[in-house]
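Novice: Here you go, this is data-v4.cif (mmCIF, C-alpha atoms).
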data_my_file
loop_
_atom_site.label_atom_id
_atom_site.label_comp_id
_atom_site.auth_asym_id
_atom_site.auth_seq_id
_atom_site.Cartn_x
_atom_site.Cartn_y
_atom_site.Cartn_z
CA MET H 67 -21.18 -28.17 3.16
CA ARG H 68 -19.80 -31.23 4.91
CA CYS H 69 -18.56 -34.03 2.67
CA ILE H 70 -19.80 -37.48 3.71
CA ARG H 71 -17.78 -40.50 2.61
CA PRO H 72 -19.82 -43.70 2.35
CA ARG H 73 -18.75 -46.88 4.05
CA THR H 74 -18.10 -49.74 1.66
CA ALA H 75 -20.80 -51.94 3.15
CA GLY H 76 -23.92 -51.60 1.01
CA PHE H 77 -22.14 -49.62 -1.70
CA SER H 78 -20.50 -50.85 -4.85
CA VAL H 79 -16.81 -50.03 -5.26
CA PHE H 80 -17.72 -47.83 -8.24
CA LEU H 81 -20.17 -45.79 -6.16
CA VAL H 82 -17.64 -45.36 -3.37
CA LEU H 83 -15.08 -44.04 -5.86
CA LEU H 84 -17.66 -41.76 -7.50
CA VAL H 85 -18.74 -40.15 -4.22
CA SER H 86 -15.22 -39.98 -2.80
CA ALA H 87 -13.94 -38.22 -5.92
CA ALA H 88 -15.66 -35.05 -4.77
CA CYS H 89 -14.29 -35.37 -1.22
CA SER H 90 -10.95 -33.86 -0.24
CA ASP H 91 -8.67 -35.17 2.46
CA ASP H 92 -9.83 -32.39 4.79
CA GLY H 93 -13.45 -33.57 4.53
CA SER H 94 -14.73 -30.75 2.33
CA ASP H 95 -16.94 -31.35 -0.69
CA THR H 96 -15.05 -30.22 -3.78
CA ASP H 97 -17.59 -30.71 -6.55
CA PRO H 98 -17.43 -27.49 -8.65
CA GLU H 99 -21.11 -27.84 -9.57
CA LEU H 100 -22.00 -26.96 -5.99
CA LEU H 101 -20.47 -23.51 -6.51
CA PHE H 102 -22.82 -22.61 -9.36
CA ALA H 103 -25.95 -23.10 -7.26
CA ALA H 104 -27.13 -21.17 -4.23
CA GLY H 105 -25.83 -22.50 -0.94
CA SER H 106 -27.89 -23.56 2.05
CA TYR H 107 -28.40 -20.09 3.56
CA GLU H 108 -31.00 -17.47 2.79
CA VAL H 109 -29.33 -14.20 1.82
CA GLY H 110 -29.73 -11.00 3.77
CA TYR H 111 -28.90 -7.55 2.43
CA GLN H 112 -28.32 -4.26 4.24
CA GLU H 113 -27.07 -0.85 3.20
CA LEU H 114 -24.86 0.54 5.94
CA GLU H 115 -22.29 3.31 6.40
CA LEU H 116 -18.62 3.39 7.34
CA THR H 117 -16.96 6.53 8.69
CA TYR H 118 -13.23 6.67 9.33
CA ARG H 119 -10.23 9.00 9.15
CA PRO H 120 -7.96 7.99 6.25
CA ALA H 121 -4.20 8.24 6.25
CA ALA H 122 -2.94 11.71 5.28
CA ALA H 123 -6.43 13.21 5.63
CA ALA H 124 -7.70 16.11 7.71
CA GLU H 125 -11.35 15.04 7.60
CA ASP H 126 -13.39 11.90 8.12
CA ARG H 127 -14.52 9.89 5.12
CA THR H 128 -18.00 8.30 5.01
CA LEU H 129 -18.75 5.43 2.64
CA PRO H 130 -22.00 3.67 1.80
CA VAL H 131 -21.47 -0.08 2.22
CA SER H 132 -23.56 -2.88 0.74
CA VAL H 133 -23.48 -6.06 2.83
CA TRP H 134 -24.78 -9.50 1.89
CA TYR H 135 -24.80 -12.10 4.68
CA PRO H 136 -26.14 -15.51 5.68
CA ALA H 137 -29.62 -14.89 7.06
CA ALA H 138 -31.76 -16.72 9.58
CA SER H 139 -34.35 -18.73 7.73
CA GLY H 140 -38.06 -18.04 7.79
CA SER H 141 -37.82 -14.30 8.45
CA GLY H 142 -40.54 -13.37 5.96
CA ALA H 143 -38.45 -10.39 4.82
CA PRO H 144 -39.31 -8.97 1.38
CA ALA H 145 -37.10 -9.39 -1.67
CA VAL H 146 -34.50 -6.73 -2.41
CA GLU H 147 -34.66 -4.24 -5.24
CA TYR H 148 -31.19 -2.85 -5.84
CA SER H 149 -30.82 0.76 -6.90
CA VAL H 150 -27.98 1.16 -9.38
CA ALA H 151 -26.64 4.71 -9.05
CA GLY H 152 -30.15 5.87 -8.21
CA VAL H 153 -31.13 5.41 -11.85
CA VAL H 154 -32.23 1.80 -12.33
CA SER H 155 -33.87 -0.71 -10.00
CA VAL H 156 -32.85 -4.36 -10.28
CA ALA H 157 -35.05 -6.92 -8.56
CA SER H 158 -33.27 -9.77 -6.79
CA ASP H 159 -34.62 -13.30 -6.78
CA ARG H 160 -32.33 -14.29 -3.92
CA ALA H 161 -31.58 -11.46 -1.44
CA LEU H 162 -33.95 -10.29 1.30
CA VAL H 163 -34.25 -6.90 2.99
CA GLU H 164 -32.50 -6.90 6.38
CA PRO H 165 -33.51 -10.27 7.86
CA PRO H 166 -31.68 -11.32 11.05
CA VAL H 167 -28.15 -12.65 10.67
CA ALA H 168 -27.87 -16.43 10.98
CA ASP H 169 -26.45 -17.23 14.40
CA ASP H 170 -24.29 -20.22 13.49
CA GLY H 171 -21.16 -18.24 12.43
CA ARG H 172 -18.51 -16.97 12.69
CA PHE H 173 -18.64 -16.51 8.96
CA PRO H 174 -15.62 -15.81 6.74
CA VAL H 175 -15.45 -12.36 5.14
CA ALA H 176 -15.12 -11.37 1.48
CA ILE H 177 -14.92 -7.80 0.15
CA TYR H 178 -15.71 -6.43 -3.31
CA SER H 179 -14.14 -3.27 -4.77
CA HIS H 180 -15.97 -1.76 -7.74
CA GLY H 181 -14.33 -0.21 -10.78
CA SER H 182 -13.81 3.48 -11.46
CA ARG H 183 -17.17 5.28 -11.65
CA GLY H 184 -18.89 2.17 -10.36
CA THR H 185 -20.85 1.48 -7.21
CA ALA H 186 -20.91 -1.09 -4.43
CA VAL H 187 -24.14 -2.74 -5.53
CA LEU H 188 -22.52 -3.92 -8.79
CA GLY H 189 -21.04 -6.72 -6.72
CA TYR H 190 -24.46 -8.25 -6.09
CA PRO H 191 -24.03 -11.46 -8.19
CA TYR H 192 -20.94 -12.33 -6.16
CA GLY H 193 -22.40 -11.09 -2.89
CA GLU H 194 -25.53 -13.21 -3.21
CA LEU H 195 -23.54 -16.32 -4.15
CA PHE H 196 -21.00 -15.98 -1.34
CA ALA H 197 -23.61 -15.15 1.30
CA SER H 198 -25.71 -18.17 0.37
CA HIS H 199 -22.63 -20.31 0.96
CA GLY H 200 -22.00 -18.85 4.40
CA TRP H 201 -19.90 -15.73 3.88
CA VAL H 202 -20.29 -12.12 4.95
CA PHE H 203 -19.71 -10.18 1.72
CA ALA H 204 -19.23 -6.40 1.95
CA ALA H 205 -18.73 -3.82 -0.80
CA PRO H 206 -17.88 -0.15 -0.20
CA SER H 207 -18.79 2.62 -2.60
CA HIS H 208 -15.46 4.42 -3.02
CA ILE H 209 -16.76 7.98 -2.63
CA GLY H 210 -15.02 10.40 -5.00
CA ASN H 211 -14.87 7.69 -7.68
CA THR H 212 -18.41 6.33 -8.07
CA ALA H 213 -21.17 6.36 -10.67
CA VAL H 214 -22.62 9.37 -8.88
CA ASP H 215 -19.49 11.50 -8.42
CA GLY H 216 -17.30 10.15 -11.23
CA LEU H 217 -13.73 11.37 -10.88
CA GLN H 218 -14.54 14.00 -8.30
CA ASP H 219 -11.27 13.36 -6.47
CA PRO H 220 -7.85 13.69 -8.11
CA PHE H 221 -6.66 10.33 -9.39
CA ALA H 222 -3.71 10.24 -6.99
CA GLN H 223 -6.15 10.74 -4.12
CA ILE H 224 -8.33 7.92 -5.45
CA LEU H 225 -5.34 5.57 -5.50
CA LEU H 226 -4.67 6.54 -1.89
CA ASN H 227 -8.26 6.26 -0.70
CA ARG H 228 -9.26 2.92 -2.18
CA PRO H 229 -6.98 0.53 -0.25
CA ASN H 230 -7.51 2.63 2.87
CA ASP H 231 -11.24 1.98 2.41
CA ILE H 232 -10.63 -1.78 2.43
CA THR H 233 -8.65 -1.77 5.67
CA ALA H 234 -11.21 0.52 7.31
CA LEU H 235 -14.03 -1.76 6.18
CA ILE H 236 -12.33 -4.83 7.67
CA ASP H 237 -11.96 -2.90 10.93
CA GLY H 238 -15.59 -1.80 10.73
CA LEU H 239 -16.85 -5.34 10.24
CA ASP H 240 -15.36 -6.27 13.59
CA ASN H 241 -18.26 -4.39 15.17
CA GLY H 242 -20.71 -5.07 12.36
CA LEU H 243 -20.70 -1.46 11.09
CA GLY H 244 -22.98 -0.64 13.98
CA ARG H 245 -24.92 -3.91 13.78
CA PRO H 246 -23.58 -5.98 16.71
CA ALA H 247 -25.04 -9.26 15.45
CA LEU H 248 -23.22 -8.85 12.14
CA GLY H 249 -19.96 -8.15 13.95
CA GLU H 250 -20.37 -11.13 16.24
CA GLN H 251 -20.84 -13.46 13.27
CA SER H 252 -18.02 -12.01 11.07
CA ASP H 253 -14.54 -13.52 11.14
CA THR H 254 -12.12 -10.88 9.83
CA SER H 255 -8.94 -12.79 10.65
CA ARG H 256 -8.60 -14.06 7.05
CA VAL H 257 -10.20 -11.90 4.36
CA PHE H 258 -10.81 -12.44 0.63
CA VAL H 259 -10.91 -9.46 -1.77
CA ILE H 260 -12.39 -9.29 -5.29
CA GLY H 261 -11.94 -6.15 -7.37
CA HIS H 262 -12.97 -5.16 -10.89
CA SER H 263 -10.91 -2.78 -13.03
CA LEU H 264 -9.59 -0.10 -10.65
CA GLY H 265 -10.93 -2.41 -7.97
CA GLY H 266 -8.33 -4.89 -9.25
CA TYR H 267 -5.66 -2.35 -8.33
CA THR H 268 -7.38 -1.97 -4.96
CA ALA H 269 -7.29 -5.72 -4.33
CA LEU H 270 -3.61 -6.03 -5.23
CA ALA H 271 -2.66 -2.97 -3.15
CA SER H 272 -4.61 -4.32 -0.17
CA ALA H 273 -2.73 -7.60 -0.57
CA GLY H 274 0.61 -5.80 -0.28
CA ALA H 275 1.66 -4.63 -3.76
CA ASP H 276 3.01 -1.08 -3.41
CA MET H 277 2.77 1.65 -6.01
CA SER H 278 5.92 3.37 -7.20
CA LEU H 279 5.81 6.89 -5.81
CA ASP H 280 8.56 7.94 -8.23
CA ARG H 281 6.47 6.84 -11.22
CA LEU H 282 3.39 8.59 -9.87
CA VAL H 283 5.34 11.83 -9.45
CA GLU H 284 7.01 11.54 -12.87
CA SER H 285 3.68 11.08 -14.65
CA CYS H 286 1.52 13.45 -12.60
CA GLN H 287 -0.16 16.53 -14.02
CA GLY H 288 -1.96 19.47 -12.42
CA VAL H 289 -3.81 18.79 -9.17
CA ASN H 290 -2.42 15.26 -8.94
CA CYS H 291 1.05 16.74 -8.52
CA ASP H 292 -0.29 18.89 -5.69
CA VAL H 293 -1.69 15.79 -3.96
CA LEU H 294 1.58 13.89 -4.27
CA ALA H 295 3.59 16.88 -3.05
CA ASP H 296 1.93 16.55 0.36
CA ALA H 297 4.51 14.93 2.64
CA GLN H 298 1.86 12.87 4.43
CA VAL H 299 0.48 11.53 1.16
CA ALA H 300 3.97 10.64 -0.06
CA ALA H 301 4.67 8.88 3.23
CA ALA H 302 1.44 6.90 2.94
CA PHE H 303 2.36 5.64 -0.54
CA GLN H 304 5.86 4.78 0.62
CA ALA H 305 4.51 2.85 3.61
CA GLY H 306 2.16 0.85 1.39
CA PHE H 307 -1.38 -0.36 2.00
CA GLY H 308 -1.01 -4.10 2.50
CA ASP H 309 -3.32 -5.51 5.16
CA PRO H 310 -2.08 -8.77 6.73
CA ARG H 311 -5.67 -9.98 7.10
CA VAL H 312 -6.05 -10.15 3.31
CA VAL H 313 -4.95 -13.68 2.37
CA ALA H 314 -6.22 -14.11 -1.21
CA VAL H 315 -7.41 -11.78 -3.98
CA VAL H 316 -9.18 -11.88 -7.34
CA PRO H 317 -8.30 -8.89 -9.56
CA GLN H 318 -10.75 -8.82 -12.48
CA ALA H 319 -9.57 -6.93 -15.58
CA PRO H 320 -7.22 -4.97 -13.31
CA ALA H 321 -6.16 -1.39 -14.03
CA VAL H 322 -2.98 0.69 -13.51
CA THR H 323 -0.88 -2.39 -12.71
CA ALA H 324 2.11 -0.76 -14.44
CA GLY H 325 2.15 1.71 -11.57
CA PHE H 326 3.27 -0.89 -9.06
CA ALA H 327 6.93 -0.70 -8.15
CA ASP H 328 9.25 -3.24 -9.76
CA GLY H 329 9.00 -6.64 -8.13
CA GLU H 330 5.94 -5.79 -6.01
CA ILE H 331 3.52 -8.16 -7.73
CA ALA H 332 6.07 -10.97 -7.70
CA ALA H 333 6.68 -10.36 -4.01
CA LEU H 334 3.04 -10.86 -3.03
CA GLU H 335 2.68 -13.53 -0.36
CA VAL H 336 -1.02 -14.11 -0.95
CA ALA H 337 -2.73 -16.32 -3.52
CA VAL H 338 -3.90 -14.41 -6.63
CA MET H 339 -6.56 -15.46 -9.12
CA LEU H 340 -6.31 -13.13 -12.12
CA GLN H 341 -9.49 -12.94 -14.20
CA SER H 342 -9.45 -11.17 -17.56
CA GLY H 343 -11.04 -11.00 -21.01
CA ARG H 344 -8.95 -11.15 -24.17
CA LEU H 345 -11.15 -8.61 -25.98
CA ASP H 346 -10.90 -5.98 -23.22
CA GLN H 347 -10.53 -2.50 -24.72
CA THR H 348 -10.36 -0.56 -21.44
CA THR H 349 -7.69 -2.52 -19.58
CA THR H 350 -6.20 -4.51 -22.43
CA GLN H 351 -4.59 -7.92 -22.14
CA ALA H 352 -1.32 -6.56 -23.47
CA ALA H 353 -1.13 -3.63 -21.06
CA GLU H 354 -2.59 -5.19 -17.91
CA ALA H 355 -3.40 -8.91 -17.68
CA GLU H 356 -0.38 -10.32 -19.49
CA PRO H 357 2.23 -8.26 -17.57
CA THR H 358 0.44 -9.03 -14.30
CA TRP H 359 0.46 -12.75 -15.00
CA SER H 360 4.11 -12.63 -16.05
CA ALA H 361 4.98 -10.90 -12.78
CA LEU H 362 3.10 -13.35 -10.57
CA ASP H 363 5.27 -16.24 -9.44
CA GLY H 364 3.35 -17.93 -6.63
CA PRO H 365 2.57 -21.65 -6.94
CA ASP H 366 -1.06 -21.01 -5.96
CA ASP H 367 -1.68 -18.30 -8.56
CA LEU H 368 -4.26 -18.94 -11.27
CA TRP H 369 -5.36 -17.09 -14.40
CA ILE H 370 -8.97 -17.43 -15.55
CA ASP H 371 -8.89 -16.06 -19.08
CA VAL H 372 -12.08 -15.46 -21.09
CA PRO H 373 -11.29 -15.53 -24.84
CA MET H 374 -14.60 -13.84 -25.78
CA GLY H 375 -14.69 -11.65 -22.68
CA ALA H 376 -14.11 -7.91 -22.38
CA HIS H 377 -14.17 -5.22 -19.72
CA HIS H 378 -17.88 -5.37 -18.85
CA THR H 379 -17.97 -9.16 -18.82
CA PHE H 380 -17.31 -9.18 -15.04
CA ILE H 381 -20.39 -7.20 -13.98
CA THR H 382 -24.01 -7.38 -15.10
CA VAL H 383 -24.62 -3.87 -16.41
CA CYS H 384 -25.02 -5.23 -19.96
CA ASP H 385 -28.18 -7.02 -18.81
CA ASP H 386 -29.31 -4.75 -15.97
CA LEU H 387 -29.29 -1.34 -17.67
CA PRO H 388 -31.73 -0.37 -20.43
CA ASP H 389 -30.11 0.39 -23.75
CA THR H 390 -30.58 4.17 -23.53
CA ILE H 391 -29.02 4.37 -20.06
CA LEU H 392 -26.24 1.96 -20.96
CA ARG H 393 -25.27 4.11 -23.95
CA ALA H 394 -25.47 7.31 -21.90
CA PHE H 395 -23.43 6.13 -18.90
CA LEU H 396 -21.12 3.63 -20.65
CA PRO H 397 -20.79 4.74 -24.28
CA ASN H 398 -18.11 2.11 -24.93
CA ALA H 399 -20.18 -0.77 -23.50
CA TYR H 400 -21.10 -2.31 -26.85
CA MET H 401 -17.44 -2.32 -27.88
CA ASP H 402 -16.24 -3.72 -24.55
CA GLY H 403 -18.39 -6.60 -23.37
CA CYS H 404 -22.03 -5.97 -24.25
CA GLY H 405 -23.61 -7.30 -27.42
CA PRO H 406 -23.37 -10.36 -29.69
CA ASP H 407 -19.62 -10.17 -30.27
CA PHE H 408 -18.88 -11.20 -26.69
CA ILE H 409 -19.65 -14.05 -24.30
CA PRO H 410 -23.07 -13.33 -22.72
CA VAL H 411 -22.69 -11.81 -19.28
CA ALA H 412 -25.36 -14.18 -17.95
CA GLN H 413 -23.10 -17.04 -19.03
CA ALA H 414 -19.80 -15.56 -17.83
CA VAL H 415 -20.54 -14.11 -14.39
CA PRO H 416 -21.74 -17.38 -12.79
CA VAL H 417 -18.53 -19.10 -13.91
CA LEU H 418 -16.34 -16.26 -12.65
CA GLY H 419 -18.21 -16.28 -9.35
CA ALA H 420 -17.89 -20.05 -8.98
CA TYR H 421 -14.15 -19.86 -9.57
CA ALA H 422 -13.80 -17.03 -7.05
CA LEU H 423 -15.77 -18.98 -4.45
CA GLY H 424 -13.71 -22.13 -4.99
CA PHE H 425 -10.50 -20.09 -4.70
CA ALA H 426 -11.79 -18.48 -1.50
CA ARG H 427 -12.66 -21.85 0.00
CA ARG H 428 -9.17 -23.08 -0.80
CA HIS H 429 -7.18 -20.12 0.51
CA VAL H 430 -9.39 -18.67 3.25
CA LEU H 431 -11.00 -21.83 4.60
CA GLY H 432 -8.02 -24.05 3.84
CA GLU H 433 -9.97 -26.67 1.87
CA SER H 434 -6.99 -28.14 0.05
CA GLY H 435 -9.09 -30.49 -2.09
CA TRP H 436 -9.96 -27.54 -4.33
CA ASP H 437 -6.41 -27.47 -5.72
CA SER H 438 -7.01 -30.26 -8.21
CA GLU H 439 -10.39 -28.88 -9.28
CA LEU H 440 -9.15 -25.32 -9.78
CA ARG H 441 -6.11 -26.50 -11.72
CA GLY H 442 -7.99 -29.00 -13.85
CA PRO H 443 -9.98 -28.53 -17.07
CA ALA H 444 -12.15 -25.42 -17.30
CA TRP H 445 -15.48 -25.82 -15.53
CA ARG H 446 -17.36 -24.45 -18.55
CA PRO H 447 -16.57 -23.97 -22.26
CA GLY H 448 -15.25 -20.54 -23.17
CA PHE H 449 -12.70 -20.26 -20.36
CA ALA H 450 -8.95 -20.91 -20.32
CA ILE H 451 -7.02 -21.81 -17.16
CA SER H 452 -3.34 -21.11 -16.49
CA VAL H 453 -1.57 -22.29 -13.34
CA GLY H 454 1.25 -20.53 -11.52
CA ASN H 455 4.79 -21.79 -12.02
CA GLU H 456 3.75 -23.99 -14.96
#
As a first step, turn the structure in this file into structure tokens.

Specialist:
Amino acid sequence: MRCIRPRTAGFSVFLVLLVSAACSDDGSDTDPELLFAAGSYEVGYQELELTYRPAAAAEDRTLPVSVWYPAASGSGAPAVEYSVAGVVSVASDRALVEPPVADDGRFPVAIYSHGSRGTAVLGYPYGELFASHGWVFAAPSHIGNTAVDGLQDPFAQILLNRPNDITALIDGLDNGLGRPALGEQSDTSRVFVIGHSLGGYTALASAGADMSLDRLVESCQGVNCDVLADAQVAAAFQAGFGDPRVVAVVPQAPAVTAGFADGEIAALEVAVMLQSGRLDQTTTQAAEAEPTWSALDGPDDLWIDVPMGAHHTFITVCDDLPDTILRAFLPNAYMDGCGPDFIPVAQAVPVLGAYALGFARRHVLGESGWDSELRGPAWRPGFAISVGNE
């Protein structure tokens, strides 16, 4: 949205100051309230596929990809019903089924990486928000580590595959994953990555933090040792997975951060917004968020901490899945984010999404006016903000 500064003629000085307060020097509108509401675009949704040959692999890898995008208005397309792991349908009140892509791009690109045993569609609250504000938002299902196939692949292979999936997806978006109009309207030169849980690892690895191969080998057991013994796999870990097109990341309740080599998180040259919940039982504050924040040393880094948040605070499964299915698929859900002891997901996710969008606008689009807003008082009660190098 373009920020319009009023001329003083016809306006009181107070009104000029009030309107200008939400305007940055680069002309962007930096009122955080705008990030909580849908943007000016209708939202399109498509389920596509990505096939590529990963590093250290003898066979191609095919991933389902969910894509939300700014849509041409007035298409008459029906509303989306998301299928969560083929078990539950979730009706959307915002996304439409495969309308044409709006032709006034090129649109910036954001990518979402789901947690272990998750699925791409779990990113829908963020995808719908970003797309409505003029972003192409893509989420791969990391095959071998989804809600359908669980931990089918050895964990070492999963750590290898996930950041490879992100780079391949960025490459794929250059041609629209087979949809030329989507490729023509996608700008992959500067990419934003959000990742939940093991997706937090994926985001940090894609940004350039390298795992310690020595630590992986020292702690491996069984088939994971066989994977790491492959010379090509070892070489891939040693080379790292950083993609120079990734310029800012949001790890949410990140996992396995202790596996990064010493100094790797501190050495990141991209802006990082850590999001975490203090009551997290799966990736605890003490084991994951606090050491990650201590390691980060960039002046643009931020920590959005949710005192009453836990592991499932960052996705909407607490609200989307019926109780019987929630208990069957996520038996720890009521101890780790769902239920009356935690901040309601419907309250938390919009705030987390708004912060992510503001951070993306600052570090992908270069809207510097967001600095003061992001570093200021929390946008809603129940959130704590820490600023890098302070």

Novice: Box along x, y and z, 8 Å on every side, all listed atoms of range 274-278 of chain H inside: centre and edge lengths in Å to one decimal, as lines of an AutoDock Vina configuration file.

Specialist:
center_x = 3.3
center_y = -1.2
center_z = -3.7
size_x = 21.3
size_y = 25.2
size_z = 22.9

Novice: So which one's closest to Pro416 in chain H, H:Val372, H:Met401, H:Val150, H:Leu195? Using all atoms listed in the file, please.

Specialist: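 Smallest distance to Pro416 in chain H is found for H:Leu195.
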
Novice: CA of Trp369 in chain H and CA of Pro447 in chain H, how far apart in Å?

Specialist: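 A separation of 15.3 Å between them.
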
Novice: Could you jot down the CA of Leu279 in chain H to CA of Thr212 in chain H separation for me, Å, one decimal place?

Specialist: 24.3 Å

Novice: At what distance in Å, to one decimal, does CA of Ala176 in chain H lie from CA of Ala414 in chain H?

Specialist: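 Straight-line distance from CA of Ala414 in chain H to CA of Ala176 in chain H works out to 20.3 Å.
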
Novice: Assuming the chain letters and numbering stay as they are in my file, what does the PyMOL selection byres ((chain H and resi 322) around 8) actually select? List them as a PDB file with C-alpha atoms, in the frame of the given file.

Specialist:
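Output (result_18.pdb):
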ATOM      1  CA  LEU H 264      -9.590  -0.100 -10.650  1.00  0.00           C
ATOM      2  CA  TYR H 267      -5.660  -2.350  -8.330  1.00  0.00           C
ATOM      3  CA  PRO H 320      -7.220  -4.970 -13.310  1.00  0.00           C
ATOM      4  CA  ALA H 321      -6.160  -1.390 -14.030  1.00  0.00           C
ATOM      5  CA  THR H 323      -0.880  -2.390 -12.710  1.00  0.00           C
ATOM      6  CA  ALA H 324       2.110  -0.760 -14.440  1.00  0.00           C
ATOM      7  CA  GLY H 325       2.150   1.710 -11.570  1.00  0.00           C
ATOM      8  CA  PHE H 326       3.270  -0.890  -9.060  1.00  0.00           C
ATOM      9  CA  GLU H 354      -2.590  -5.190 -17.910  1.00  0.00           C
TER      10      GLU H 354
END

Novice: Name all residues at most 12 Å from Val299 in chain H (count all atoms listed in the file; drop same-chain ones fewer than 6 positions away) and give them as a ChimeraX atom specification.

Specialist: /H:120-124,222-227,279,282-283,290-293,305-306

Novice: So, counting all atoms listed in the file, which residue among H:Tyr190, H:Asn455, H:Asp346, H:Arg256 is closest to Val156 in chain H?

Specialist: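 Closest residue, counting all atoms listed in the file: H:Tyr190.
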
Novice: Of the candidates H:Ser272, H:Thr379, H:Ser132, H:Thr349, which shows the shortest atom-to-atom distance to Gly193 in chain H, using only C-alpha atoms?

Specialist: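 Of H:Ser272, H:Thr379, H:Ser132, H:Thr349, the one nearest Gly193 in chain H is H:Ser132, counting only C-alpha atoms.
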
Novice: When you look at Tyr148 in chain H with a cut-off of 10 Å (counting all atoms listed in the file), what residues show up, excluding the ones that are within fewer than 5 positions of it in the same chain? I need them as an MDAnalysis selection string.

Specialist: chainID H and resid 111 154:158 161 187:188 190

Novice: Measuring between only C-alpha atoms, which one of H:Ala275, H:Ile177, H:Ile381, H:Ala204 shows the shortest distance to Leu248 in chain H?

Specialist: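 Counting only C-alpha atoms, the residue closest to Leu248 in chain H is H:Ala204.
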
Novice: For the provided coordinates, the residues matched by the PyMOL selection byres ((chain H and resi 145) around 12) should be stated as an MDAnalysis selection string.

Specialist: chainID H and resid 108:112 141:144 146:148 156:165

Novice: Name the residues captured by the PyMOL selection byres ((chain H and resi 315-317) around 8) when it is applied to the shown file; answer as a list in words.

Specialist: Phe258, Val259, Ile260, Gly261, His262, Ser263, Gly265, Gly266, Tyr267, Ala269, Leu270, Ala273, Val312, Val313, Ala314, Gln318, Ala319, Pro320, Val336, Ala337, Val338, Met339, Leu340, Gln341 and Ala422 of chain H

Novice: Could you give me, as an NGL selection string, the residues within 6 Å of Arg311 in chain H, counting only C-alpha atoms and dropping anything in the same chain fewer than 2 positions from it?

Specialist: :H and (255-257 or 309)

Novice: Tell me which protein, DNA and RNA residues are within 8 Å of Ser452 in chain H, counting only C-alpha atoms, leaving out same-chain ones fewer than 4 positions away, and put them as a list in words.

Specialist: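 So the residues in contact are Leu368, Trp369, Ile370, Asp371, Arg441 and Glu456 of chain H.
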
Novice: Using only C-alpha atoms - which residues lie no farther than 12 Å from the point (-15.8, -18.5, -22.1) in the file's frame? Write them as a PyMOL selection string.

Specialist: chain H and resi 341-345+370-376+379-380+408-418+444-451
